[in-house]
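Colleague: File input-v2.cif below, mmCIF, C-alpha atoms and all ligand atoms:
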data_run
#
loop_
_atom_site.label_atom_id
_atom_site.label_comp_id
_atom_site.auth_asym_id
_atom_site.auth_seq_id
_atom_site.Cartn_x
_atom_site.Cartn_y
_atom_site.Cartn_z
CA MET V 1152 61.41 65.98 6.33
CA ASN V 1153 65.00 64.77 6.31
CA LYS V 1154 66.27 62.37 8.91
CA ILE V 1155 66.65 64.05 12.31
CA PRO V 1156 69.89 63.09 14.02
CA PHE V 1157 70.17 62.50 17.72
CA LEU V 1158 73.12 64.88 17.87
CA ASP V 1159 74.65 67.00 15.10
CA LEU V 1160 78.17 68.06 16.02
CA LYS V 1161 78.79 69.21 12.47
CA ALA V 1162 76.02 71.80 12.71
CA GLN V 1163 77.73 73.23 15.78
CA TYR V 1164 81.16 73.16 14.12
CA GLN V 1165 79.84 75.20 11.24
CA THR V 1166 78.86 78.00 13.63
CA ILE V 1167 82.35 78.23 15.20
CA ARG V 1168 84.61 77.08 12.36
CA ALA V 1169 86.02 80.56 11.78
CA GLU V 1170 87.07 80.78 15.43
CA VAL V 1171 88.30 77.20 15.83
CA LEU V 1172 90.61 76.77 12.85
CA PRO V 1173 92.91 79.75 13.63
CA ALA V 1174 93.04 78.66 17.29
CA LEU V 1175 94.16 75.17 16.24
CA GLU V 1176 96.74 76.69 13.95
CA ALA V 1177 98.02 78.83 16.84
CA VAL V 1178 98.59 75.64 18.87
CA CYS V 1179 100.60 74.22 15.95
CA GLU V 1180 102.64 77.41 15.70
CA SER V 1181 103.29 77.47 19.46
CA THR V 1182 103.98 73.68 19.56
CA GLY V 1183 102.20 73.63 22.92
CA PHE V 1184 100.75 70.20 22.17
CA ALA V 1185 100.91 68.42 25.54
CA GLN V 1186 98.79 70.65 27.81
CA GLY V 1187 100.57 73.82 26.71
CA PRO V 1188 99.50 77.45 27.22
CA ALA V 1189 96.06 76.98 25.61
CA THR V 1190 95.11 74.40 28.22
CA LYS V 1191 96.36 76.61 31.07
CA VAL V 1192 94.23 79.50 29.83
CA PHE V 1193 91.19 77.25 29.61
CA GLU V 1194 91.77 75.98 33.16
CA GLN V 1195 91.58 79.53 34.50
CA GLU V 1196 88.50 80.38 32.45
CA PHE V 1197 86.60 77.23 33.38
CA ALA V 1198 87.46 77.47 37.10
CA ALA V 1199 86.08 81.03 37.11
CA TYR V 1200 82.99 79.93 35.17
CA CYS V 1201 82.22 77.15 37.69
CA GLY V 1202 82.98 79.28 40.75
CA VAL V 1203 85.91 77.20 42.01
CA LYS V 1204 89.55 78.05 42.64
CA HIS V 1205 91.16 75.35 40.50
CA CYS V 1206 90.46 73.46 37.31
CA VAL V 1207 92.86 70.58 36.64
CA THR V 1208 92.35 69.35 33.09
CA LEU V 1209 92.72 65.63 32.46
CA ASN V 1210 92.57 63.34 29.46
CA THR V 1211 89.05 62.11 30.30
CA GLY V 1212 86.26 62.47 32.83
CA THR V 1213 86.90 58.88 33.90
CA SER V 1214 90.45 59.88 34.88
CA ALA V 1215 88.99 62.76 36.89
CA LEU V 1216 86.93 60.28 38.91
CA HIS V 1217 89.98 58.07 39.40
CA VAL V 1218 92.13 61.01 40.52
CA ALA V 1219 89.39 62.24 42.91
CA MET V 1220 89.32 58.84 44.61
CA LEU V 1221 93.14 58.89 44.93
CA CYS V 1222 93.11 62.44 46.35
CA LEU V 1223 90.68 61.24 49.04
CA GLY V 1224 92.97 58.32 49.86
CA ILE V 1225 90.26 55.77 49.01
CA GLY V 1226 91.39 52.18 48.55
CA PRO V 1227 90.57 48.49 49.12
CA GLY V 1228 87.97 47.93 51.83
CA ASP V 1229 86.44 51.37 51.35
CA GLU V 1230 82.95 52.07 50.01
CA VAL V 1231 81.72 54.81 47.68
CA ILE V 1232 78.03 55.65 47.38
CA MET V 1233 76.60 56.52 43.96
CA PRO V 1234 73.33 56.23 42.02
CA ALA V 1235 72.43 52.89 40.44
CA GLU V 1236 71.36 54.59 37.19
CA THR V 1237 74.21 56.52 35.55
CA PHE V 1238 76.91 55.95 32.95
CA ILE V 1239 79.28 53.19 34.09
CA ALA V 1240 82.26 55.57 34.40
CA THR V 1241 80.79 57.01 37.62
CA ALA V 1242 81.75 53.71 39.24
CA TRP V 1243 85.13 53.24 37.57
CA GLY V 1244 86.99 55.64 39.88
CA ALA V 1245 86.02 53.56 42.93
CA SER V 1246 86.78 50.30 41.12
CA TYR V 1247 90.18 51.50 39.88
CA VAL V 1248 91.33 52.09 43.47
CA GLY V 1249 89.91 48.75 44.67
CA ALA V 1250 86.97 50.26 46.58
CA LYS V 1251 83.41 48.94 46.51
CA PRO V 1252 80.72 50.91 44.69
CA VAL V 1253 77.57 51.07 46.79
CA PHE V 1254 74.50 51.78 44.72
CA VAL V 1255 71.51 53.81 45.84
CA ASP V 1256 68.26 54.36 43.97
CA ILE V 1257 67.38 57.60 42.20
CA ASP V 1258 64.61 60.09 42.79
CA PRO V 1259 61.85 59.58 40.17
CA VAL V 1260 61.40 63.30 39.49
CA ARG V 1261 64.97 64.63 39.21
CA ARG V 1262 66.33 61.20 38.25
CA THR V 1263 69.39 61.80 40.41
CA LEU V 1264 70.67 60.23 43.66
CA ASP V 1265 67.76 60.05 46.11
CA PRO V 1266 68.92 61.83 49.29
CA LYS V 1267 66.29 60.02 51.37
CA LYS V 1268 67.92 56.70 50.54
CA VAL V 1269 71.56 57.68 51.07
CA GLU V 1270 71.73 57.44 54.84
CA ALA V 1271 70.72 53.76 54.94
CA ALA V 1272 73.66 52.97 52.64
CA ILE V 1273 76.28 54.63 54.85
CA THR V 1274 78.61 52.38 56.84
CA ARG V 1275 81.84 53.08 58.71
CA ARG V 1276 83.65 52.20 55.48
CA THR V 1277 81.90 54.88 53.39
CA LYS V 1278 84.59 57.27 52.15
CA ALA V 1279 82.74 59.33 49.52
CA ILE V 1280 79.33 60.04 48.03
CA ILE V 1281 79.10 60.74 44.30
CA PRO V 1282 75.86 62.40 43.16
CA VAL V 1283 75.53 62.54 39.37
CA HIS V 1284 73.84 65.50 37.70
CA LEU V 1285 72.27 63.08 35.25
CA TYR V 1286 71.08 64.29 31.83
CA GLY V 1287 72.11 67.82 32.90
CA MET V 1288 69.81 68.00 35.95
CA PRO V 1289 71.54 68.97 39.20
CA ALA V 1290 71.12 66.47 42.01
CA ASP V 1291 69.41 67.77 45.16
CA MET V 1292 72.70 68.99 46.64
CA ASP V 1293 71.42 70.57 49.86
CA ALA V 1294 69.71 67.37 50.94
CA ILE V 1295 72.70 65.23 49.91
CA LEU V 1296 75.18 67.54 51.65
CA ALA V 1297 73.07 67.51 54.81
CA VAL V 1298 73.38 63.71 55.07
CA ALA V 1299 77.05 63.74 54.02
CA ASN V 1300 78.00 66.46 56.50
CA LYS V 1301 76.14 64.73 59.33
CA HIS V 1302 78.41 61.72 58.80
CA GLY V 1303 81.56 63.66 57.83
CA ILE V 1304 81.72 62.07 54.36
CA PRO V 1305 83.12 64.04 51.41
CA VAL V 1306 80.94 64.58 48.35
CA VAL V 1307 82.39 64.39 44.83
CA GLU V 1308 80.09 65.74 42.12
CA ASP V 1309 79.92 63.90 38.80
CA ALA V 1310 79.19 66.84 36.50
CA ALA V 1311 80.12 65.09 33.24
CA GLN V 1312 76.69 65.83 31.77
CA SER V 1313 75.99 69.18 33.34
CA GLN V 1314 78.43 71.98 32.50
CA GLY V 1315 76.67 75.23 33.36
CA ALA V 1316 73.66 73.68 35.15
CA ARG V 1317 72.47 75.65 38.17
CA TYR V 1318 71.25 74.48 41.57
CA LYS V 1319 69.60 77.23 43.64
CA GLY V 1320 71.17 79.83 41.38
CA ARG V 1321 74.77 78.54 41.49
CA ARG V 1322 76.47 76.60 38.74
CA VAL V 1323 77.36 73.02 39.67
CA GLY V 1324 81.00 72.46 40.64
CA PRO V 1325 81.53 74.13 44.02
CA PHE V 1326 79.15 71.91 46.02
CA GLY V 1327 81.46 68.93 46.46
CA VAL V 1328 85.04 68.87 47.73
CA MET V 1329 85.88 67.94 44.14
CA THR V 1330 83.86 67.85 40.95
CA CYS V 1331 84.60 65.66 37.94
CA THR V 1332 83.57 66.56 34.44
CA SER V 1333 84.01 65.24 30.92
CA PHE V 1334 84.69 67.03 27.66
CA TYR V 1335 83.86 63.99 25.52
CA PRO V 1336 82.79 65.44 22.14
CA GLY V 1337 79.06 64.86 22.69
CA LYS V 1338 78.96 66.63 26.05
CA ASN V 1339 77.45 70.14 26.40
CA LEU V 1340 81.02 71.45 26.52
CA GLY V 1341 82.71 68.93 24.25
CA ALA V 1342 86.29 68.83 23.01
CA TYR V 1343 87.48 67.77 19.56
CA GLY V 1344 88.87 64.59 21.05
CA GLU V 1345 88.91 63.35 24.64
CA GLY V 1346 89.11 65.58 27.69
CA GLY V 1347 88.01 65.98 31.28
CA ALA V 1348 88.67 68.01 34.39
CA LEU V 1349 88.72 67.94 38.15
CA LEU V 1350 87.41 71.11 39.79
CA THR V 1351 88.15 72.04 43.38
CA SER V 1352 88.72 74.98 45.67
CA SER V 1353 91.22 72.98 47.74
CA ASP V 1354 94.86 73.90 47.03
CA GLU V 1355 95.89 70.50 48.38
CA TYR V 1356 93.63 68.40 46.16
CA ALA V 1357 94.48 70.54 43.11
CA ALA V 1358 98.23 70.16 43.66
CA HIS V 1359 97.86 66.40 44.20
CA ALA V 1360 95.69 66.03 41.09
CA ARG V 1361 98.29 67.96 39.05
CA ARG V 1362 101.03 65.60 40.24
CA LEU V 1363 98.97 62.48 39.60
CA ARG V 1364 98.13 63.48 36.02
CA ASP V 1365 101.81 64.02 35.24
CA HIS V 1366 103.48 60.74 36.33
CA GLY V 1367 103.29 61.55 40.04
CA GLN V 1368 106.10 64.08 39.70
CA SER V 1369 106.76 66.29 42.73
CA GLN V 1370 109.55 67.93 40.73
CA ARG V 1371 110.77 67.13 37.26
CA TYR V 1372 111.86 63.47 37.22
CA CYS V 1373 111.22 63.01 40.96
CA HIS V 1374 108.37 60.56 41.57
CA ASP V 1375 107.04 60.11 45.10
CA GLU V 1376 104.05 57.95 44.20
CA VAL V 1377 102.65 56.01 41.25
CA GLY V 1378 101.34 58.54 38.75
CA PHE V 1379 99.62 58.53 35.38
CA ASN V 1380 99.81 60.21 32.03
CA TYR V 1381 96.38 61.81 32.26
CA ARG V 1382 97.22 65.13 30.56
CA MET V 1383 94.81 66.86 28.18
CA ASP V 1384 96.36 68.09 24.93
CA GLY V 1385 96.71 71.70 23.84
CA PHE V 1386 94.27 71.45 20.93
CA GLN V 1387 91.47 70.60 23.36
CA GLY V 1388 92.30 73.60 25.55
CA ALA V 1389 92.08 75.89 22.52
CA VAL V 1390 88.75 74.43 21.35
CA LEU V 1391 87.23 74.42 24.84
CA SER V 1392 88.08 78.09 25.45
CA ILE V 1393 86.17 79.02 22.30
CA LYS V 1394 83.24 76.77 23.11
CA LEU V 1395 83.02 78.04 26.70
CA LYS V 1396 82.08 81.48 25.36
CA HIS V 1397 79.07 79.93 23.62
CA LEU V 1398 78.08 77.47 26.32
CA ASP V 1399 75.39 79.53 28.07
CA ALA V 1400 73.68 80.35 24.78
CA TRP V 1401 73.81 76.71 23.68
CA ASN V 1402 72.43 75.58 27.05
CA ALA V 1403 69.62 78.15 26.79
CA ALA V 1404 68.72 76.83 23.33
CA ARG V 1405 68.61 73.27 24.72
CA ALA V 1406 66.33 74.44 27.56
CA ALA V 1407 64.01 76.10 25.05
CA HIS V 1408 63.82 72.85 23.05
CA ALA V 1409 63.08 70.90 26.25
CA ARG V 1410 60.24 73.26 27.17
CA ARG V 1411 58.87 72.99 23.65
CA TYR V 1412 59.04 69.18 23.69
CA ASN V 1413 57.18 69.16 27.01
CA GLU V 1414 54.51 71.46 25.57
CA LEU V 1415 54.09 69.41 22.39
CA LEU V 1416 54.03 66.04 24.16
CA GLN V 1417 51.51 67.01 26.86
CA GLY V 1418 48.63 64.60 27.28
CA LEU V 1419 50.38 61.49 25.94
CA PRO V 1420 50.68 58.42 28.18
CA VAL V 1421 54.40 59.08 28.63
CA THR V 1422 56.36 60.56 31.53
CA LEU V 1423 57.93 63.86 30.57
CA PRO V 1424 61.03 65.31 32.25
CA SER V 1425 60.31 67.81 34.98
CA PHE V 1426 61.52 71.34 35.64
CA PRO V 1427 62.20 71.55 39.40
CA ALA V 1428 61.87 75.17 40.57
CA ASP V 1429 65.24 75.15 42.38
CA SER V 1430 67.31 74.08 39.36
CA GLU V 1431 68.21 74.83 35.78
CA SER V 1432 69.07 71.67 33.89
CA VAL V 1433 71.31 72.06 30.86
CA TRP V 1434 69.44 69.29 29.07
CA HIS V 1435 72.41 67.19 28.05
CA LEU V 1436 69.71 64.65 27.28
CA TYR V 1437 65.96 64.98 26.98
CA VAL V 1438 64.58 61.66 28.20
CA ILE V 1439 60.93 60.66 28.16
CA GLU V 1440 59.67 57.47 29.76
CA CYS V 1441 57.19 55.21 28.01
CA ASP V 1442 55.85 51.66 27.97
CA ASN V 1443 56.75 49.69 24.84
CA ARG V 1444 59.86 51.83 24.64
CA ASP V 1445 61.68 49.56 22.18
CA ALA V 1446 58.71 49.37 19.79
CA ILE V 1447 58.29 53.16 19.93
CA ARG V 1448 61.99 53.58 19.27
CA GLU V 1449 61.73 51.37 16.18
CA LYS V 1450 58.79 53.36 14.86
CA LEU V 1451 60.70 56.60 15.36
CA SER V 1452 63.67 55.17 13.56
CA ALA V 1453 61.44 54.17 10.65
CA ALA V 1454 60.09 57.75 10.63
CA GLY V 1455 63.65 59.10 10.39
CA VAL V 1456 64.05 60.19 14.01
CA ASP V 1457 67.24 59.05 15.75
CA THR V 1458 66.95 58.32 19.47
CA GLY V 1459 69.22 57.00 22.24
CA LEU V 1460 69.01 54.83 25.38
CA HIS V 1461 70.68 56.23 28.50
CA TYR V 1462 71.18 53.78 30.13
CA PRO V 1463 69.35 50.48 29.46
CA VAL V 1464 71.20 48.41 32.09
CA PRO V 1465 71.58 50.00 35.53
CA LEU V 1466 74.92 49.57 37.26
CA HIS V 1467 73.75 47.02 39.84
CA LEU V 1468 72.67 44.66 37.04
CA GLN V 1469 75.91 44.96 35.06
CA LYS V 1470 77.97 41.76 34.84
CA VAL V 1471 81.06 43.59 36.06
CA TYR V 1472 79.28 44.21 39.38
CA ALA V 1473 77.61 40.79 39.71
CA TRP V 1474 79.95 40.14 42.66
CA LEU V 1475 77.95 42.69 44.67
CA GLY V 1476 75.05 40.21 44.61
CA HIS V 1477 72.29 42.51 43.46
CA ARG V 1478 69.12 41.36 41.74
CA LYS V 1479 66.40 42.86 39.63
CA GLY V 1480 64.04 44.74 41.94
CA ASP V 1481 66.75 46.11 44.25
CA PHE V 1482 66.53 49.66 42.85
CA PRO V 1483 63.07 49.92 41.25
CA VAL V 1484 63.20 53.60 40.21
CA SER V 1485 66.53 53.10 38.43
CA GLU V 1486 65.26 49.95 36.75
CA LYS V 1487 62.08 51.66 35.60
CA LEU V 1488 64.07 54.47 33.99
CA ALA V 1489 66.45 51.96 32.39
CA ASP V 1490 63.50 50.01 30.94
CA ARG V 1491 61.37 52.98 29.87
CA GLY V 1492 63.75 55.86 29.16
CA LEU V 1493 64.01 57.13 25.59
CA SER V 1494 66.30 60.03 24.68
CA LEU V 1495 64.97 62.29 21.93
CA PRO V 1496 67.19 64.41 19.65
CA MET V 1497 68.73 67.23 21.69
CA PHE V 1498 71.32 69.77 20.62
CA ALA V 1499 71.35 73.55 20.48
CA GLU V 1500 71.09 73.80 16.68
CA LEU V 1501 67.82 71.84 16.43
CA THR V 1502 65.24 73.96 14.63
CA ASP V 1503 61.71 74.43 15.89
CA GLU V 1504 60.56 72.62 12.76
CA GLN V 1505 62.67 69.62 13.77
CA VAL V 1506 61.38 69.70 17.36
CA GLN V 1507 57.82 69.74 16.02
CA ALA V 1508 58.56 66.88 13.63
CA VAL V 1509 60.07 64.77 16.43
CA ALA V 1510 57.08 65.48 18.69
CA ALA V 1511 54.64 64.56 15.92
CA ALA V 1512 56.53 61.32 15.27
CA VAL V 1513 56.47 60.49 19.00
CA ARG V 1514 52.73 61.16 19.13
CA ALA V 1515 52.11 58.88 16.17
CA ALA V 1516 54.40 56.15 17.54
CA VAL V 1517 52.86 56.22 21.03
CA ARG V 1518 49.31 56.21 19.68
CA ALA V 1519 50.08 53.26 17.41
CA GLY V 1520 51.20 51.49 20.60
C1 LIG N 1601 77.91 60.59 34.13
C2 LIG N 1601 79.25 60.40 33.50
N1 LIG N 1601 80.32 60.21 34.29
C3 LIG N 1601 81.56 60.06 33.77
C4 LIG N 1601 81.78 60.09 32.41
C5 LIG N 1601 83.16 59.81 31.90
O1 LIG N 1601 83.67 60.75 31.05
P1 LIG N 1601 84.70 60.35 29.88
O2 LIG N 1601 83.94 59.71 28.80
O3 LIG N 1601 85.30 61.67 29.49
O4 LIG N 1601 85.73 59.46 30.47
C6 LIG N 1601 80.69 60.32 31.54
C7 LIG N 1601 80.82 60.43 30.09
O5 LIG N 1601 81.22 59.67 29.33
C8 LIG N 1601 79.40 60.46 32.10
O6 LIG N 1601 78.33 60.63 31.33
#
The structure in this file should be written as C-alpha cells.

Modeller:
Amino acid sequence: MNKIPFLDLKAQYQTIRAEVLPALEAVCESTGFAQGPATKVFEQEFAAYCGVKHCVTLNTGTSALHVAMLCLGIGPGDEVIMPAETFIATAWGASYVGAKPVFVDIDPVRRTLDPKKVEAAITRRTKAIIPVHLYGMPADMDAILAVANKHGIPVVEDAAQSQGARYKGRRVGPFGVMTCTSFYPGKNLGAYGEGGALLTSSDEYAAHARRLRDHGQSQRYCHDEVGFNYRMDGFQGAVLSIKLKHLDAWNAARAAHARRYNELLQGLPVTLPSFPADSESVWHLYVIECDNRDAIREKLSAAGVDTGLHYPVPLHLQKVYAWLGHRKGDFPVSEKLADRGLSLPMFAELTDEQVQAVAAAVRAAVRAG
C-alpha cells in the first residue's frame, strides 16, 4: 500500500480540472481580478445555499471574524465567549478589536461549546458568543441560542470547518446574527488561495461588512471609518462556484468514510467520534481520541499513514493568552481532546481500500500500545 496522505487536494483537482481551467481563463479574459463578477455570482449562490440573505466574501475567515466583531461594535473592555478548544483564529476577531476572549469548555460528545457552561461565563460586558462547528459538527445551537437570547447577547457562528453541515435539518449559517466561514484550501469548500465570507440576513450588517472590506468606503473615495482591504479575488469566486456544485456529494463521501472508520475501529480502547441524531457533520476532520496518542501517531507515520493534530494546545494555554491567567485543569474536556485527539486521513476521494488500510494500521498501532 502506498503512503496515505492526510488530505489530497490534487485528487480533487483532477476531478474538476476540466471545469476549473476554463473558469480561470474567463476571469483573465474579463479582467475581473479584484472581486469581480465571478465573486458576485458566488456570493449569491452561497447565500442561497446557506439559507441567508447575504454573503459578503472576504480575503480570509479570520477577516470575517474581525469584521463581525466590528459590525457588533465590540471593543476594549468587552468580552466574547468562545470554546477553549478550537483553531486560534476564532479568538483573533475579539483580540483585533481589543476585546477579551472568554473561554468555555466543550461538550465531550459533540466537541463543541458546552451550552451548560456558557451562562456562568456571561457578565455585563459579554457582547457576543461564538460557537464553533468544530471538525464539521454543528454546535448545539438551540441550547446555545436559548442562553444567548435569555441574556440578549448576539451569537456569531464560526462555520469555518462546516460548510453544508446541518443542525436539525437546516444548514449552518442562519442560526447566528452573523456567520463566519473560511475558504482556506483545505476546508470542505476550499479556494485555490485564501478566502472567507461573512453570512447574514441583516441588511445593515451586510452593508457595513461590505464597506469595511473595501477601505471603509461609503461612496467611492469617501471614508467614514477606518476600513481594510479584505476583498476576495475573482479567481476564488470562479473556483468556489464550481466547487459549491460538488460540495454536497463530497460531504456525503466524507460522511460515508466516517461511518466506515467508526465501524472498522469498533472495540478498540479509543474514543470514536459520535453521530448525534439531530445533526449531520460534514466531517472536515475525523478525530479519534486515544492514550499514547503521540506514540500511536509515530507508528502510523512509520506505516505510511499521515495524521494531524487539531489542536494540541487549547486556547487558554496559549502564550498569547497567558495574561488571562488560566492554568492547566481549567477546561478539562478541552485539554483531554487536545492531549488525546488524533485526526485520521479524511477527504472525499479516499477509497474504501485506503480507509480499510488506515483502520488496520490504527488497530495495529493501538494494540502495540
Ligand atoms: C475554526 C476556524 N475558525 C477560523 C478560521 C480562520 O480561517 P482563515 O484561515 O481563512 O483565516 C479557521 C481556519 O483556518 C478555522 O478552522

Colleague: Do you have the CA of Ala1162 (chain V)-CA of Arg1317 (chain V) distance handy?

Modeller: 26.0 Å

Colleague: Using 9 Å as the limit and counting all atoms listed in the file, can you tabulate each residue of chain V that touches ligand LIG 1601 (chain N), with its shortest atom-to-atom distance in Å and the two atoms involved, as a Markdown table?

Modeller:
| residue | atom | partner | partner_atom | distance |
| --- | --- | --- | --- | --- |
| V:Leu1209 | CA | N:LIG1601 | O3 | 8.9 |
| V:Asn1210 | CA | N:LIG1601 | O3 | 7.5 |
| V:Thr1211 | CA | N:LIG1601 | O3 | 3.9 |
| V:Gly1212 | CA | N:LIG1601 | O3 | 3.6 |
| V:Thr1213 | CA | N:LIG1601 | O4 | 3.7 |
| V:Ser1214 | CA | N:LIG1601 | O4 | 6.5 |
| V:Ala1215 | CA | N:LIG1601 | O4 | 7.9 |
| V:Leu1216 | CA | N:LIG1601 | C3 | 7.4 |
| V:Thr1237 | CA | N:LIG1601 | C1 | 5.7 |
| V:Phe1238 | CA | N:LIG1601 | C1 | 4.9 |
| V:Ile1239 | CA | N:LIG1601 | N1 | 7.1 |
| V:Ala1240 | CA | N:LIG1601 | C3 | 4.6 |
| V:Thr1241 | CA | N:LIG1601 | N1 | 4.6 |
| V:Ala1242 | CA | N:LIG1601 | N1 | 8.3 |
| V:Trp1243 | CA | N:LIG1601 | C3 | 8.6 |
| V:Val1283 | CA | N:LIG1601 | C1 | 6.1 |
| V:His1284 | CA | N:LIG1601 | C1 | 7.3 |
| V:Leu1285 | CA | N:LIG1601 | C1 | 6.3 |
| V:Tyr1286 | CA | N:LIG1601 | C1 | 8.1 |
| V:Asp1309 | CA | N:LIG1601 | N1 | 5.8 |
| V:Ala1310 | CA | N:LIG1601 | C1 | 6.8 |
| V:Ala1311 | CA | N:LIG1601 | C2 | 4.8 |
| V:Gln1312 | CA | N:LIG1601 | O6 | 5.5 |
| V:Ser1313 | CA | N:LIG1601 | C1 | 8.8 |
| V:Cys1331 | CA | N:LIG1601 | C3 | 7.6 |
| V:Thr1332 | CA | N:LIG1601 | O1 | 6.7 |
| V:Ser1333 | CA | N:LIG1601 | O3 | 4.1 |
| V:Phe1334 | CA | N:LIG1601 | O3 | 5.7 |
| V:Tyr1335 | CA | N:LIG1601 | O3 | 4.8 |
| V:Pro1336 | CA | N:LIG1601 | O3 | 8.6 |
| V:Gly1337 | CA | N:LIG1601 | O5 | 8.7 |
| V:Lys1338 | CA | N:LIG1601 | C7 | 7.6 |
| V:Glu1345 | CA | N:LIG1601 | O3 | 6.3 |
| V:Gly1346 | CA | N:LIG1601 | O3 | 5.7 |
| V:Gly1347 | CA | N:LIG1601 | O3 | 5.4 |
| V:Ala1348 | CA | N:LIG1601 | O3 | 8.7 |

Colleague: Could the residues of region 1383-1480 of chain V that have an atom at most 12 Å from region 1178-1202 of chain V be listed as JSON lines, each with its closest atom pair and the distance in Å to one decimal, counting only C-alpha atoms and ordered by chain and ascending residue number?

Modeller:
{"residue": "V:Met1383", "atom": "CA", "partner": "V:Gln1186", "partner_atom": "CA", "distance": 5.5}
{"residue": "V:Asp1384", "atom": "CA", "partner": "V:Gln1186", "partner_atom": "CA", "distance": 4.6}
{"residue": "V:Gly1385", "atom": "CA", "partner": "V:Gln1186", "partner_atom": "CA", "distance": 4.6}
{"residue": "V:Phe1386", "atom": "CA", "partner": "V:Val1178", "partner_atom": "CA", "distance": 6.4}
{"residue": "V:Gln1387", "atom": "CA", "partner": "V:Thr1190", "partner_atom": "CA", "distance": 7.2}
{"residue": "V:Gly1388", "atom": "CA", "partner": "V:Thr1190", "partner_atom": "CA", "distance": 4.0}
{"residue": "V:Ala1389", "atom": "CA", "partner": "V:Ala1189", "partner_atom": "CA", "distance": 5.2}
{"residue": "V:Val1390", "atom": "CA", "partner": "V:Ala1189", "partner_atom": "CA", "distance": 8.8}
{"residue": "V:Leu1391", "atom": "CA", "partner": "V:Phe1193", "partner_atom": "CA", "distance": 6.8}
{"residue": "V:Ser1392", "atom": "CA", "partner": "V:Phe1193", "partner_atom": "CA", "distance": 5.3}
{"residue": "V:Ile1393", "atom": "CA", "partner": "V:Phe1193", "partner_atom": "CA", "distance": 9.0}
{"residue": "V:Lys1394", "atom": "CA", "partner": "V:Phe1193", "partner_atom": "CA", "distance": 10.3}
{"residue": "V:Leu1395", "atom": "CA", "partner": "V:Phe1197", "partner_atom": "CA", "distance": 7.6}
{"residue": "V:Lys1396", "atom": "CA", "partner": "V:Glu1196", "partner_atom": "CA", "distance": 9.6}
{"residue": "V:Leu1398", "atom": "CA", "partner": "V:Tyr1200", "partner_atom": "CA", "distance": 10.4}
{"residue": "V:Asp1399", "atom": "CA", "partner": "V:Tyr1200", "partner_atom": "CA", "distance": 10.4}

Colleague: Can you write just those residues out, C-alpha atoms, as a JSON list (two decimals), in the frame of the given file?

Modeller:
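Contents of selection12.json, freshly written:
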[["chain", "number", "residue", "atom", "x", "y", "z"],
["V", 1383, "MET", "CA", 94.81, 66.86, 28.18],
["V", 1384, "ASP", "CA", 96.36, 68.09, 24.93],
["V", 1385, "GLY", "CA", 96.71, 71.70, 23.84],
["V", 1386, "PHE", "CA", 94.27, 71.45, 20.93],
["V", 1387, "GLN", "CA", 91.47, 70.60, 23.36],
["V", 1388, "GLY", "CA", 92.30, 73.60, 25.55],
["V", 1389, "ALA", "CA", 92.08, 75.89, 22.52],
["V", 1390, "VAL", "CA", 88.75, 74.43, 21.35],
["V", 1391, "LEU", "CA", 87.23, 74.42, 24.84],
["V", 1392, "SER", "CA", 88.08, 78.09, 25.45],
["V", 1393, "ILE", "CA", 86.17, 79.02, 22.30],
["V", 1394, "LYS", "CA", 83.24, 76.77, 23.11],
["V", 1395, "LEU", "CA", 83.02, 78.04, 26.70],
["V", 1396, "LYS", "CA", 82.08, 81.48, 25.36],
["V", 1398, "LEU", "CA", 78.08, 77.47, 26.32],
["V", 1399, "ASP", "CA", 75.39, 79.53, 28.07]]

Colleague: Which one of V:Asp1229, V:Glu1500, V:Glu1270, V:Asp1354 sits closest to Trp1401 (chain V) if you count all atoms listed in the file?

Modeller: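 Smallest distance to Trp1401 (chain V) is found for V:Glu1500.
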
Colleague: Applying 6 Å and all atoms listed in the file, which residues near region 1260-1268 of chain V remain after dropping the ones on its own chain fewer than 5 positions away? List them as an NGL selection string.

Modeller: :V and (1234 or 1282 or 1290 or 1294-1295)

Colleague: As a compact mmCIF listing (two decimals), in the coordinates of the input, please: region 1160-1170 of chain V completed to N, CA and C atoms.

Modeller:
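Written output follows (rebuild.txt):
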# COMPACT_ATOMS: atom_id res chain seq x y z
N LEU V 1160 76.98 67.27 15.65
CA LEU V 1160 78.17 68.06 16.02
C LEU V 1160 78.66 68.90 14.85
N LYS V 1161 78.35 68.46 13.64
CA LYS V 1161 78.79 69.21 12.47
C LYS V 1161 78.06 70.55 12.38
N ALA V 1162 76.79 70.54 12.74
CA ALA V 1162 76.02 71.80 12.71
C ALA V 1162 76.65 72.81 13.67
N GLN V 1163 77.08 72.32 14.82
CA GLN V 1163 77.73 73.23 15.78
C GLN V 1163 79.08 73.72 15.24
N TYR V 1164 79.83 72.79 14.66
CA TYR V 1164 81.16 73.16 14.12
C TYR V 1164 81.03 74.29 13.09
N GLN V 1165 80.00 74.17 12.28
CA GLN V 1165 79.84 75.20 11.24
C GLN V 1165 79.67 76.60 11.83
N THR V 1166 79.09 76.68 13.02
CA THR V 1166 78.86 78.00 13.63
C THR V 1166 80.13 78.58 14.25
N ILE V 1167 81.14 77.73 14.52
CA ILE V 1167 82.35 78.23 15.20
C ILE V 1167 83.63 77.96 14.41
N ARG V 1168 83.46 77.47 13.19
CA ARG V 1168 84.61 77.08 12.36
C ARG V 1168 85.63 78.22 12.23
N ALA V 1169 85.12 79.42 12.01
CA ALA V 1169 86.02 80.56 11.78
C ALA V 1169 86.82 80.91 13.03
N GLU V 1170 86.32 80.54 14.19
CA GLU V 1170 87.07 80.78 15.43
C GLU V 1170 88.03 79.61 15.72
